[in-house]
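Asks: The file below is structure-v4.txt, compact mmCIF, C-alpha atoms:
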```txt
# COMPACT_ATOMS: atom_id res chain seq x y z
CA MET A 1 8.51 14.93 -21.82
CA LYS A 2 8.17 11.65 -19.96
CA TYR A 3 6.82 11.58 -16.41
CA ILE A 4 7.46 9.06 -13.63
CA THR A 5 6.22 8.77 -10.06
CA ILE A 6 8.39 6.56 -7.86
CA LEU A 7 6.37 5.90 -4.74
CA GLY A 8 8.02 4.27 -1.73
CA ASP A 9 4.97 3.24 0.26
CA GLY A 10 5.25 4.32 3.89
CA MET A 11 8.82 5.53 3.31
CA SER A 12 8.85 8.51 5.69
CA ASP A 13 9.21 7.95 9.41
CA TRP A 14 10.07 9.37 12.80
CA LYS A 15 13.58 9.50 14.20
CA ILE A 16 14.73 6.06 15.37
CA PRO A 17 17.11 5.72 18.37
CA GLU A 18 18.76 2.61 16.92
CA LEU A 19 19.71 4.66 13.83
CA GLY A 20 21.42 7.36 15.84
CA ASN A 21 18.19 9.32 16.19
CA LYS A 22 17.80 9.54 12.41
CA THR A 23 14.86 8.65 10.22
CA CYS A 24 15.23 5.82 7.72
CA LEU A 25 15.54 8.37 4.91
CA GLU A 26 18.29 10.17 6.82
CA ALA A 27 20.15 6.96 7.65
CA ALA A 28 19.96 5.37 4.21
CA ASN A 29 22.96 5.40 1.84
CA THR A 30 21.35 7.02 -1.20
CA PRO A 31 24.01 8.53 -3.49
CA VAL A 32 21.61 8.84 -6.43
CA LEU A 33 18.98 10.70 -4.42
CA ASP A 34 21.74 12.79 -2.84
CA LYS A 35 22.99 13.77 -6.29
CA ILE A 36 19.63 14.96 -7.63
CA ALA A 37 18.31 16.53 -4.41
CA PRO A 38 20.19 19.87 -4.84
CA LEU A 39 18.63 20.15 -8.31
CA SER A 40 15.12 19.32 -7.12
CA GLU A 41 12.08 20.93 -5.56
CA ILE A 42 11.62 19.35 -2.14
CA GLY A 43 8.69 20.01 0.15
CA LEU A 44 5.77 18.59 2.09
CA CYS A 45 2.36 17.48 0.84
CA LYS A 46 -0.79 16.47 2.72
CA THR A 47 -1.97 13.30 0.98
CA VAL A 48 -4.58 12.28 3.57
CA PRO A 49 -7.40 14.85 3.82
CA ASP A 50 -8.90 15.68 7.20
CA GLY A 51 -11.59 13.18 8.12
CA PHE A 52 -9.98 10.27 6.26
CA LYS A 53 -7.98 7.42 7.76
CA PRO A 54 -4.35 7.31 6.59
CA GLY A 55 -4.64 4.22 4.43
CA SER A 56 -2.69 3.43 1.27
CA ASP A 57 -6.00 3.55 -0.60
CA VAL A 58 -6.73 7.19 0.23
CA ALA A 59 -3.10 8.30 0.01
CA ASN A 60 -2.30 6.64 -3.33
CA MET A 61 -5.53 7.96 -4.85
CA SER A 62 -4.35 11.42 -3.79
CA VAL A 63 -0.87 11.02 -5.27
CA LEU A 64 -2.42 9.75 -8.52
CA GLY A 65 -4.56 12.88 -8.72
CA PHE A 66 -7.93 11.60 -7.49
CA ALA A 67 -9.39 13.68 -4.65
CA PRO A 68 -10.58 11.18 -2.00
CA ASP A 69 -13.55 13.31 -0.99
CA LYS A 70 -14.84 12.97 -4.55
CA TYR A 71 -13.87 9.41 -5.48
CA TYR A 72 -13.30 7.27 -2.38
CA THR A 73 -15.86 4.55 -1.56
CA GLY A 74 -13.72 2.16 0.49
CA ARG A 75 -10.56 0.10 0.19
CA SER A 76 -11.69 -3.45 -0.49
CA PRO A 77 -13.79 -2.74 -3.61
CA ILE A 78 -10.70 -1.31 -5.29
CA GLU A 79 -8.86 -4.55 -4.56
CA ALA A 80 -11.88 -6.54 -5.70
CA VAL A 81 -11.69 -4.87 -9.10
CA ALA A 82 -8.03 -5.90 -9.43
CA MET A 83 -8.97 -9.45 -8.46
CA GLY A 84 -11.46 -9.60 -11.33
CA ILE A 85 -14.55 -9.74 -9.12
CA ASP A 86 -17.69 -8.55 -10.91
CA LEU A 87 -19.46 -6.27 -8.43
CA ASN A 88 -23.05 -5.11 -8.44
CA GLU A 89 -23.97 -1.63 -7.20
CA THR A 90 -25.49 -3.11 -4.02
CA ASP A 91 -22.56 -5.37 -3.18
CA VAL A 92 -20.41 -4.54 -0.17
CA THR A 93 -16.86 -5.84 -0.09
CA LEU A 94 -14.53 -6.33 2.85
CA ARG A 95 -10.81 -7.00 2.95
CA CYS A 96 -10.27 -10.43 4.46
CA ASN A 97 -6.78 -10.73 5.91
CA LEU A 98 -5.31 -14.03 7.02
CA VAL A 99 -3.73 -13.09 10.36
CA THR A 100 -1.94 -14.66 13.30
CA LEU A 101 -3.72 -14.33 16.63
CA SER A 102 -2.44 -15.48 19.99
CA ASP A 103 -3.72 -18.72 21.52
CA ASP A 104 -5.63 -17.14 24.43
CA ARG A 105 -8.73 -19.22 25.14
CA ASP A 106 -11.30 -16.43 24.61
CA TYR A 107 -11.27 -14.98 21.12
CA GLU A 108 -11.93 -11.48 22.45
CA GLN A 109 -8.76 -11.66 24.56
CA LYS A 110 -6.43 -12.67 21.77
CA THR A 111 -3.57 -10.46 20.56
CA MET A 112 -2.84 -9.50 16.96
CA LEU A 113 0.57 -11.11 16.56
CA ASP A 114 0.89 -10.62 12.80
CA TYR A 115 -1.48 -8.91 10.34
CA SER A 116 0.14 -10.88 7.46
CA ALA A 117 0.32 -14.33 9.08
CA GLY A 118 4.08 -14.34 8.78
CA GLU A 119 3.94 -13.29 5.12
CA ILE A 120 2.15 -16.52 4.27
CA THR A 121 2.69 -17.73 0.70
CA THR A 122 -0.04 -17.46 -1.91
CA ALA A 123 -0.01 -21.24 -2.37
CA GLU A 124 -0.64 -21.84 1.33
CA ALA A 125 -3.26 -19.10 1.48
CA THR A 126 -5.08 -20.52 -1.54
CA GLU A 127 -5.46 -23.86 0.24
CA LEU A 128 -6.70 -22.21 3.43
CA MET A 129 -9.19 -19.98 1.62
CA ALA A 130 -10.56 -22.96 -0.31
CA TYR A 131 -11.12 -24.71 3.02
CA LEU A 132 -12.97 -21.68 4.40
CA LYS A 133 -15.15 -21.43 1.29
CA GLU A 134 -16.21 -25.03 1.86
CA HIS A 135 -16.79 -24.89 5.62
CA LEU A 136 -17.67 -21.24 6.35
CA LYS A 137 -20.79 -20.77 4.25
CA VAL A 138 -23.37 -18.02 4.75
CA ASP A 139 -26.05 -17.15 2.20
CA GLY A 140 -25.11 -13.97 0.34
CA TYR A 141 -21.52 -14.07 1.58
CA GLU A 142 -18.72 -15.20 -0.72
CA PHE A 143 -14.98 -15.41 -0.16
CA TYR A 144 -12.48 -14.69 -2.95
CA THR A 145 -8.83 -15.65 -2.88
CA GLY A 146 -6.19 -13.00 -3.50
CA ILE A 147 -2.42 -12.87 -2.97
CA GLN A 148 -0.58 -13.98 0.20
CA TYR A 149 -2.59 -12.69 3.18
CA ARG A 150 -4.83 -10.32 1.19
CA HIS A 151 -8.28 -11.72 0.33
CA CYS A 152 -11.85 -10.50 -0.12
CA LEU A 153 -15.37 -11.11 1.19
CA VAL A 154 -18.34 -9.93 -0.90
CA VAL A 155 -21.71 -9.40 0.77
CA LYS A 156 -24.71 -9.31 -1.55
CA ASP A 157 -27.04 -6.38 -0.81
CA GLY A 158 -24.82 -5.53 2.12
CA ALA A 159 -24.69 -2.59 4.50
CA VAL A 160 -21.91 -0.10 5.13
CA GLY A 161 -21.18 2.12 8.09
CA HIS A 162 -19.47 -0.45 10.30
CA THR A 163 -16.50 0.32 12.52
CA LEU A 164 -13.79 -2.03 11.28
CA THR A 165 -10.17 -1.79 12.40
CA PRO A 166 -7.24 -2.48 10.04
CA PRO A 167 -5.21 -5.33 11.56
CA HIS A 168 -1.92 -3.49 11.05
CA ASP A 169 -3.24 -0.76 13.35
CA ILE A 170 -3.32 -3.15 16.30
CA SER A 171 -0.08 -5.09 15.92
CA ASP A 172 0.94 -6.63 19.26
CA LYS A 173 -2.31 -5.39 20.86
CA LYS A 174 -5.34 -7.24 22.18
CA ILE A 175 -8.23 -7.31 19.74
CA THR A 176 -10.83 -6.82 22.49
CA HIS A 177 -11.82 -3.28 21.55
CA SER A 178 -11.17 -3.66 17.82
CA LEU A 179 -13.80 -6.24 16.89
CA PRO A 180 -16.47 -5.19 14.35
CA ARG A 181 -19.22 -2.81 15.39
CA GLY A 182 -22.37 -1.95 13.47
CA LYS A 183 -25.36 -3.60 11.79
CA ASN A 184 -23.63 -6.85 10.74
CA ALA A 185 -21.02 -6.83 13.51
CA GLU A 186 -22.31 -9.96 15.21
CA LEU A 187 -22.11 -12.02 12.02
CA TYR A 188 -18.72 -10.59 11.03
CA THR A 189 -17.33 -11.47 14.46
CA LYS A 190 -18.84 -14.96 14.28
CA LEU A 191 -17.14 -15.54 10.91
CA MET A 192 -13.82 -14.51 12.41
CA LYS A 193 -14.29 -16.73 15.48
CA ASP A 194 -15.39 -19.71 13.38
CA SER A 195 -12.42 -19.22 11.08
CA TYR A 196 -10.09 -19.55 14.07
CA LYS A 197 -11.62 -22.92 14.96
CA LEU A 198 -11.28 -24.12 11.37
CA LEU A 199 -7.83 -22.79 10.57
CA SER A 200 -5.98 -23.56 13.80
CA ALA A 201 -6.00 -27.29 13.14
CA HIS A 202 -5.55 -27.14 9.37
CA PRO A 203 -2.55 -29.13 8.05
CA VAL A 204 -1.10 -26.04 6.39
CA ASN A 205 -0.90 -24.28 9.74
CA LEU A 206 0.28 -27.32 11.64
CA LYS A 207 3.13 -27.59 9.15
CA ARG A 208 3.92 -23.87 9.47
CA VAL A 209 4.07 -24.14 13.26
CA SER A 210 6.34 -27.21 13.04
CA GLU A 211 8.69 -25.15 10.85
CA GLY A 212 8.76 -22.27 13.33
CA LYS A 213 6.48 -20.07 11.21
CA LYS A 214 3.42 -18.13 12.27
CA PRO A 215 0.08 -19.81 11.51
CA ALA A 216 -2.67 -18.11 9.52
CA ASN A 217 -5.17 -19.01 12.22
CA SER A 218 -7.94 -16.45 11.68
CA ILE A 219 -9.49 -14.12 9.15
CA TRP A 220 -9.82 -10.42 9.93
CA LEU A 221 -12.49 -8.33 8.20
CA TRP A 222 -11.99 -4.63 7.51
CA GLY A 223 -11.92 -1.95 4.78
CA GLU A 224 -15.55 -2.21 3.68
CA GLY A 225 -16.82 -0.35 0.63
CA THR A 226 -19.01 -0.27 -2.45
CA LYS A 227 -18.20 -0.30 -6.15
CA PRO A 228 -16.09 2.79 -7.00
CA LYS A 229 -15.84 4.83 -10.16
CA LEU A 230 -12.80 6.87 -11.21
CA ASP A 231 -12.45 9.21 -14.16
CA ASP A 232 -10.30 8.15 -17.09
CA PHE A 233 -6.68 9.15 -16.36
CA GLU A 234 -5.83 10.01 -19.96
CA LYS A 235 -8.92 12.20 -20.33
CA MET A 236 -8.09 13.99 -17.09
CA HIS A 237 -4.47 14.77 -17.94
CA GLY A 238 -4.05 14.21 -21.67
CA LEU A 239 -1.34 11.65 -20.92
CA LYS A 240 -1.25 7.88 -21.40
CA GLY A 241 -0.43 6.31 -18.05
CA GLY A 242 0.60 2.97 -16.63
CA ILE A 243 0.85 1.35 -13.20
CA ILE A 244 3.52 -0.99 -11.85
CA SER A 245 2.70 -2.59 -8.50
CA ALA A 246 2.66 -5.96 -6.77
CA VAL A 247 -0.40 -4.89 -4.77
CA ASP A 248 -4.02 -5.41 -5.84
CA LEU A 249 -5.04 -2.10 -4.26
CA ILE A 250 -2.79 -0.02 -6.52
CA ARG A 251 -3.51 -2.08 -9.63
CA GLY A 252 -7.21 -1.67 -8.89
CA ILE A 253 -6.90 2.12 -8.86
CA GLY A 254 -5.11 1.92 -12.21
CA MET A 255 -7.74 -0.36 -13.69
CA LEU A 256 -10.56 1.92 -12.58
CA ALA A 257 -8.75 4.87 -14.19
CA HIS A 258 -8.22 2.86 -17.41
CA MET A 259 -4.45 2.96 -17.07
CA LYS A 260 -2.20 0.22 -18.41
CA ILE A 261 -1.35 -2.41 -15.79
CA ILE A 262 2.26 -3.46 -16.25
CA THR A 263 3.37 -6.79 -14.78
CA VAL A 264 6.96 -7.42 -13.70
CA GLU A 265 8.37 -10.84 -12.95
CA GLY A 266 9.65 -11.10 -9.40
CA SER A 267 7.35 -8.44 -7.91
CA THR A 268 6.58 -9.47 -4.34
CA GLY A 269 5.36 -6.41 -2.48
CA ASN A 270 8.25 -6.67 -0.02
CA TYR A 271 11.97 -5.94 0.28
CA ASP A 272 12.82 -8.96 -1.88
CA THR A 273 10.94 -7.52 -4.85
CA ASN A 274 12.50 -6.99 -8.27
CA PHE A 275 13.41 -3.32 -7.82
CA LYS A 276 15.50 -2.97 -10.95
CA GLY A 277 13.03 -4.98 -13.03
CA LYS A 278 10.27 -2.52 -12.15
CA ALA A 279 12.43 0.40 -13.22
CA ARG A 280 13.37 -1.22 -16.53
CA ALA A 281 9.75 -2.11 -17.23
CA ALA A 282 8.76 1.51 -16.65
CA VAL A 283 11.41 2.79 -19.03
CA ASN A 284 10.41 0.27 -21.71
CA GLU A 285 6.80 1.42 -21.49
CA LEU A 286 7.76 5.08 -21.61
CA LEU A 287 9.92 4.52 -24.67
CA GLY A 288 7.14 2.40 -26.14
CA GLY A 289 4.44 5.05 -26.07
CA LEU A 290 3.30 5.77 -22.53
CA ASP A 291 3.72 9.31 -21.20
CA PHE A 292 3.56 8.49 -17.49
CA VAL A 293 4.33 5.48 -15.28
CA TYR A 294 3.54 5.11 -11.59
CA ILE A 295 6.05 2.76 -9.94
CA HIS A 296 4.65 1.62 -6.61
CA LEU A 297 7.06 -0.02 -4.17
CA GLU A 298 5.39 -1.58 -1.14
CA ALA A 299 8.56 -2.66 0.67
CA PRO A 300 9.14 0.28 3.08
CA ASP A 301 5.54 0.08 4.29
CA GLU A 302 5.72 -3.65 4.98
CA CYS A 303 8.94 -3.13 6.92
CA GLY A 304 7.36 -0.29 8.89
CA HIS A 305 4.42 -2.50 9.86
CA HIS A 306 6.82 -5.16 11.10
CA GLY A 307 8.96 -2.67 13.04
CA ASP A 308 11.90 -3.65 10.84
CA TYR A 309 13.94 -0.45 10.49
CA ALA A 310 16.96 -2.27 9.02
CA HIS A 311 15.08 -3.59 6.01
CA LYS A 312 13.21 -0.30 5.67
CA VAL A 313 16.55 1.45 5.27
CA TYR A 314 17.60 -1.29 2.83
CA SER A 315 14.41 -0.78 0.79
CA ILE A 316 14.98 2.96 0.55
CA GLU A 317 18.54 2.32 -0.62
CA LYS A 318 17.25 -0.04 -3.32
CA ILE A 319 14.67 2.53 -4.43
CA SER A 320 17.41 5.15 -4.77
CA ASN A 321 20.21 3.09 -6.20
CA ASP A 322 18.26 0.60 -8.33
CA VAL A 323 14.94 2.21 -9.27
CA ILE A 324 15.73 5.92 -9.51
CA ALA A 325 19.22 5.30 -10.90
CA THR A 326 17.94 2.94 -13.61
CA VAL A 327 15.17 5.30 -14.69
CA ILE A 328 17.53 8.27 -14.91
CA ASP A 329 20.35 6.38 -16.64
CA GLU A 330 18.18 4.66 -19.24
CA LEU A 331 16.02 7.67 -20.13
CA THR A 332 19.16 9.81 -20.37
CA ALA A 333 20.76 7.22 -22.67
CA ALA A 334 17.62 7.37 -24.83
CA ASN A 335 17.92 11.19 -25.05
CA GLU A 336 14.52 11.67 -23.42
CA ASP A 337 13.50 14.69 -21.40
CA PHE A 338 11.83 13.54 -18.19
CA ALA A 339 10.50 14.60 -14.82
CA ILE A 340 10.37 12.43 -11.71
CA LEU A 341 8.28 12.64 -8.55
CA VAL A 342 9.67 10.71 -5.58
CA CYS A 343 7.50 10.39 -2.48
CA PRO A 344 5.76 8.07 -0.05
CA ASP A 345 1.98 7.94 0.13
CA HIS A 346 1.95 8.32 3.93
CA PRO A 347 4.44 7.79 6.78
CA THR A 348 4.58 4.36 8.43
CA PRO A 349 6.68 4.91 11.56
CA VAL A 350 8.56 1.83 12.72
CA ALA A 351 7.90 2.79 16.34
CA ILE A 352 4.12 2.31 16.08
CA LYS A 353 3.96 -0.12 13.12
CA THR A 354 1.09 1.67 11.42
CA HIS A 355 0.17 4.63 9.20
CA ILE A 356 -0.19 8.24 10.25
CA SER A 357 -1.68 11.26 8.49
CA ASP A 358 1.36 13.57 8.69
CA PRO A 359 2.34 15.36 5.46
CA ILE A 360 4.82 13.44 3.33
CA PRO A 361 8.14 14.70 1.90
CA TYR A 362 8.22 14.89 -1.89
CA LEU A 363 10.96 15.49 -4.45
CA LEU A 364 10.49 16.78 -8.01
CA TYR A 365 13.42 16.42 -10.40
CA THR A 366 13.83 17.00 -14.11
CA ASN A 367 16.83 16.70 -16.42
CA VAL A 368 15.97 19.91 -18.27
CA LYS A 369 16.46 22.51 -15.52
CA SER A 370 17.16 23.01 -11.83
CA LEU A 371 14.13 23.15 -9.53
CA ASN A 372 16.13 23.76 -6.34
CA ASN A 373 14.15 25.50 -3.62
CA GLY A 374 16.71 25.38 -0.84
CA ALA A 375 17.07 21.73 0.13
CA SER A 376 20.32 19.81 -0.22
CA ARG A 377 19.06 16.30 0.64
CA TYR A 378 15.78 14.40 0.42
CA THR A 379 14.73 13.95 4.05
CA GLU A 380 11.72 14.81 6.18
CA GLN A 381 13.60 17.61 7.96
CA GLN A 382 14.91 19.16 4.73
CA ALA A 383 11.44 19.00 3.17
CA GLU A 384 10.01 20.90 6.12
CA SER A 385 12.81 23.47 6.03
CA THR A 386 11.96 24.65 2.50
CA LYS A 387 8.51 25.83 3.66
CA THR A 388 7.10 24.48 0.38
CA TYR A 389 3.75 22.91 1.18
CA ILE A 390 1.00 21.42 -0.96
CA PRO A 391 -2.16 21.20 1.18
CA LYS A 392 -4.13 18.93 -1.17
CA GLY A 393 -2.46 15.70 -2.23
CA HIS A 394 -4.32 15.37 -5.52
CA ASN A 395 -2.61 18.56 -6.71
CA LEU A 396 0.85 17.01 -6.41
CA ILE A 397 0.60 15.25 -9.75
CA GLU A 398 -0.36 18.53 -11.38
CA ARG A 399 2.91 19.96 -10.03
CA LEU A 400 4.72 17.08 -11.76
CA PHE A 401 2.89 17.49 -15.07
CA SER A 402 3.48 21.25 -15.09
CA ILE A 403 7.20 20.58 -15.69
CA LYS A 404 7.84 21.05 -19.42
```
What does this structure look like when you write it as structure tokens?
Replies:
Amino acid sequence: MKYITILGDGMSDWKIPELGNKTCLEAANTPVLDKIAPLSEIGLCKTVPDGFKPGSDVANMSVLGFAPDKYYTGRSPIEAVAMGIDLNETDVTLRCNLVTLSDDRDYEQKTMLDYSAGEITTAEATELMAYLKEHLKVDGYEFYTGIQYRHCLVVKDGAVGHTLTPPHDISDKKITHSLPRGKNAELYTKLMKDSYKLLSAHPVNLKRVSEGKKPANSIWLWGEGTKPKLDDFEKMHGLKGGIISAVDLIRGIGMLAHMKIITVEGSTGNYDTNFKGKARAAVNELLGGLDFVYIHLEAPDECGHHGDYAHKVYSIEKISNDVIATVIDELTAANEDFAILVCPDHPTPVAIKTHISDPIPYLLYTNVKSLNNGASRYTEQQAESTKTYIPKGHNLIERLFSIK
């Protein structure tokens, strides 16, 4: 039996007036999902435990079978691992976003216009981060360049326990009450303020503004943590697993769990990603010896953060009709028995442009038998109607692996 998780990050939502008071899942044209839904177990699962913020770090750890209350030490160190940063036990890491802030005179009065700086390119971001490394120096503090807007700051012998707000939680809001608080808050805030002075006049940003694009005019620090440790995935489940994702966070979880990291050309982490290529890569790995592949698709979440319901619907349609369809067709053609879990990690409602902790709808399908538990379509409402509920997210993968 081959096992696949197809995770549409942030895929579930609230009802949207512009879609006829439907959710994106309800509005999407998903003939493949519609075909397998009556043969599937569909229900709700709580992927974000009480007391945890509804981040993709916590939620994806849950879906991959790692209980956050046992394993979670922060978001940024997971990304740091994927970036190849060698961390000491006393290092503290922070996610360093390149963001777009408004041009209000006082930094504290600025508004978070875009947590991703208009989806800045990696090439542009690399130039900006190099400039910051040269001109924003503090002993024991080191910047590392990542992908697009996602970067990292490592603090030697640092402290944790700060209140740091994810920038996507304050889209279109003033940053006044969301600046760092805690032991190093004054220095963190100074770094952010100084970065604005440096970046606003940088040629990369002047060019972006001249082209009608949003400038990456400030850094934003959040997601602190210390070096994590996960158990070996294969030893936990007796299955060889792999990860496909365009996002450092998810690859980092896979690396910590000693899973195979599978790269796919054209992976972008947005709705222009290579959907079908990810599916084909997963099938090739499954036919080549892996027992399980986790296909992470960031697109719905990015669209949710931008309030873009149209492209969120589009992304869900691509997940159904390119990813799920390809996996089913190619494994069927190879005469393989398989089981698929389809789910988001958390909801990212378009209306509020950020994550929430509500339970997520999941679908379990296998080609060997019917698992129907009363649902006829994969939607939030149908999942709730079955009364099937998994209260601990890390048990969801066990439900998948129990299918024989």
Asks: Distance table requested - range 57-142 of chain A against range 247-268 of chain A, cut-off 10 Å, all atoms listed in the file: one row per qualifying residue with the closest atom pair and its distance in Å to one decimal, ordered by chain and rising residue number, as a tab-separated table.
Replies:
```
residue	atom	partner	partner_atom	distance
A:Asp57	CA	A:Leu249	CA	6.8
A:Asn60	CA	A:Ile250	CA	7.4
A:Met61	CA	A:Ile253	CA	7.2
A:Leu64	CA	A:Ile253	CA	8.9
A:Phe66	CA	A:Ala257	CA	9.5
A:Arg75	CA	A:Leu249	CA	7.4
A:Ser76	CA	A:Leu249	CA	7.8
A:Pro77	CA	A:Gly252	CA	8.5
A:Ile78	CA	A:Gly252	CA	5.0
A:Glu79	CA	A:Leu249	CA	4.5
A:Ala80	CA	A:Gly252	CA	7.5
A:Val81	CA	A:Gly252	CA	5.5
A:Ala82	CA	A:Gly252	CA	4.3
A:Met83	CA	A:Asp248	CA	6.9
A:Gly84	CA	A:Gly252	CA	9.3
```
Asks: Could the residues in this selection be written to a file with C-alpha atoms, as a PDB file, in the frame of the given file?
Replies:
```pdb
ATOM      1  CA  ASP A  57      -6.000   3.550  -0.600  1.00  0.00           C
ATOM      2  CA  ASN A  60      -2.300   6.640  -3.330  1.00  0.00           C
ATOM      3  CA  MET A  61      -5.530   7.960  -4.850  1.00  0.00           C
ATOM      4  CA  LEU A  64      -2.420   9.750  -8.520  1.00  0.00           C
ATOM      5  CA  PHE A  66      -7.930  11.600  -7.490  1.00  0.00           C
ATOM      6  CA  ARG A  75     -10.560   0.100   0.190  1.00  0.00           C
ATOM      7  CA  SER A  76     -11.690  -3.450  -0.490  1.00  0.00           C
ATOM      8  CA  PRO A  77     -13.790  -2.740  -3.610  1.00  0.00           C
ATOM      9  CA  ILE A  78     -10.700  -1.310  -5.290  1.00  0.00           C
ATOM     10  CA  GLU A  79      -8.860  -4.550  -4.560  1.00  0.00           C
ATOM     11  CA  ALA A  80     -11.880  -6.540  -5.700  1.00  0.00           C
ATOM     12  CA  VAL A  81     -11.690  -4.870  -9.100  1.00  0.00           C
ATOM     13  CA  ALA A  82      -8.030  -5.900  -9.430  1.00  0.00           C
ATOM     14  CA  MET A  83      -8.970  -9.450  -8.460  1.00  0.00           C
ATOM     15  CA  GLY A  84     -11.460  -9.600 -11.330  1.00  0.00           C
TER      16      GLY A  84
END
```
Asks: Which protein, DNA or RNA residues are at most 9 Å from (-7.8, -24.8, 10.1) in the file's coordinates when you count only C-alpha atoms, listed as a PyMOL selection string?
Replies: chain A and resi 128+131-132+195-206+216-218
Asks: Residues of range 310-391 of chain A that approach range 3-19 of chain A to 6 Å or less, counting all atoms listed in the file: could you list each one with the shortest pair of atoms and its distance in Å to one decimal, rows by chain and increasing residue number, as a tab-separated table?
Replies:
```
residue	atom	partner	partner_atom	distance
A:Phe338	CA	A:Tyr3	CA	5.7
A:Ala339	CA	A:Tyr3	CA	5.0
A:Ile340	CA	A:Ile4	CA	4.8
A:Leu341	CA	A:Thr5	CA	4.6
A:Val342	CA	A:Ile6	CA	4.9
A:Cys343	CA	A:Leu7	CA	5.2
A:Pro344	CA	A:Gly8	CA	4.7
A:Asp345	CA	A:Asp9	CA	5.6
A:His346	CA	A:Gly10	CA	5.2
A:Pro347	CA	A:Gly10	CA	4.6
A:Thr348	CA	A:Gly10	CA	4.6
A:Pro349	CA	A:Asp13	CA	4.5
```
Asks: Keeping only C-alpha atoms, write those residues as a short mmCIF file (atom, residue, chain, number, x, y, z; two decimals), keeping the file's coordinate frame.
Replies:
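Result went into part-v1.cif, see below:
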```cif
data_model
loop_
_atom_site.label_atom_id
_atom_site.label_comp_id
_atom_site.auth_asym_id
_atom_site.auth_seq_id
_atom_site.Cartn_x
_atom_site.Cartn_y
_atom_site.Cartn_z
CA PHE A 338 11.83 13.54 -18.19
CA ALA A 339 10.50 14.60 -14.82
CA ILE A 340 10.37 12.43 -11.71
CA LEU A 341 8.28 12.64 -8.55
CA VAL A 342 9.67 10.71 -5.58
CA CYS A 343 7.50 10.39 -2.48
CA PRO A 344 5.76 8.07 -0.05
CA ASP A 345 1.98 7.94 0.13
CA HIS A 346 1.95 8.32 3.93
CA PRO A 347 4.44 7.79 6.78
CA THR A 348 4.58 4.36 8.43
CA PRO A 349 6.68 4.91 11.56
#
```
Asks: Neighbours of Ala159 in chain A within 10 Å (all atoms listed in the file; same-chain residues fewer than 4 positions away dropped), as a ChimeraX atom specification?
Replies: /A:90-93,155,182-184,224-226
Asks: Choose the residue, out of A:Asp69, A:Asp50, A:Asp322, A:Glu108, that has the smallest atom-to-atom separation from Ser178 in chain A; count only C-alpha atoms.
Replies: A:Glu108
Asks: For the atom pair CA of Val138 in chain A and CA of Tyr107 in chain A, what is the interatomic distance in Å to one decimal place?
Replies: 20.6 Å
Asks: Enter the distance from CA of Arg150 in chain A to CA of Lys70 in chain A, in Å, rounded to one decimal.
Replies: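 About the pair CA of Arg150 in chain A and CA of Lys70 in chain A: they are 26.0 Å apart.
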Asks: Rank nothing, just name the residue among A:Lys53, A:Lys213, A:His296, A:Lys392 nearest to Pro359 in chain A, using all atoms listed in the file.
Replies: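 Counting all atoms listed in the file, the residue closest to Pro359 in chain A is A:Lys392.
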Asks: Here is a test: counting all atoms listed in the file, which residue of A:His237, A:Lys318, A:Lys214, A:His355 is nearest to Arg399 in chain A?
Replies: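 Looking only at the distances to Arg399 in chain A, the closest residue turns out to be A:His237.
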Asks: Distance CA of Glu124 in chain A-CA of Cys96 in chain A, one decimal place?
Replies: 15.3 Å
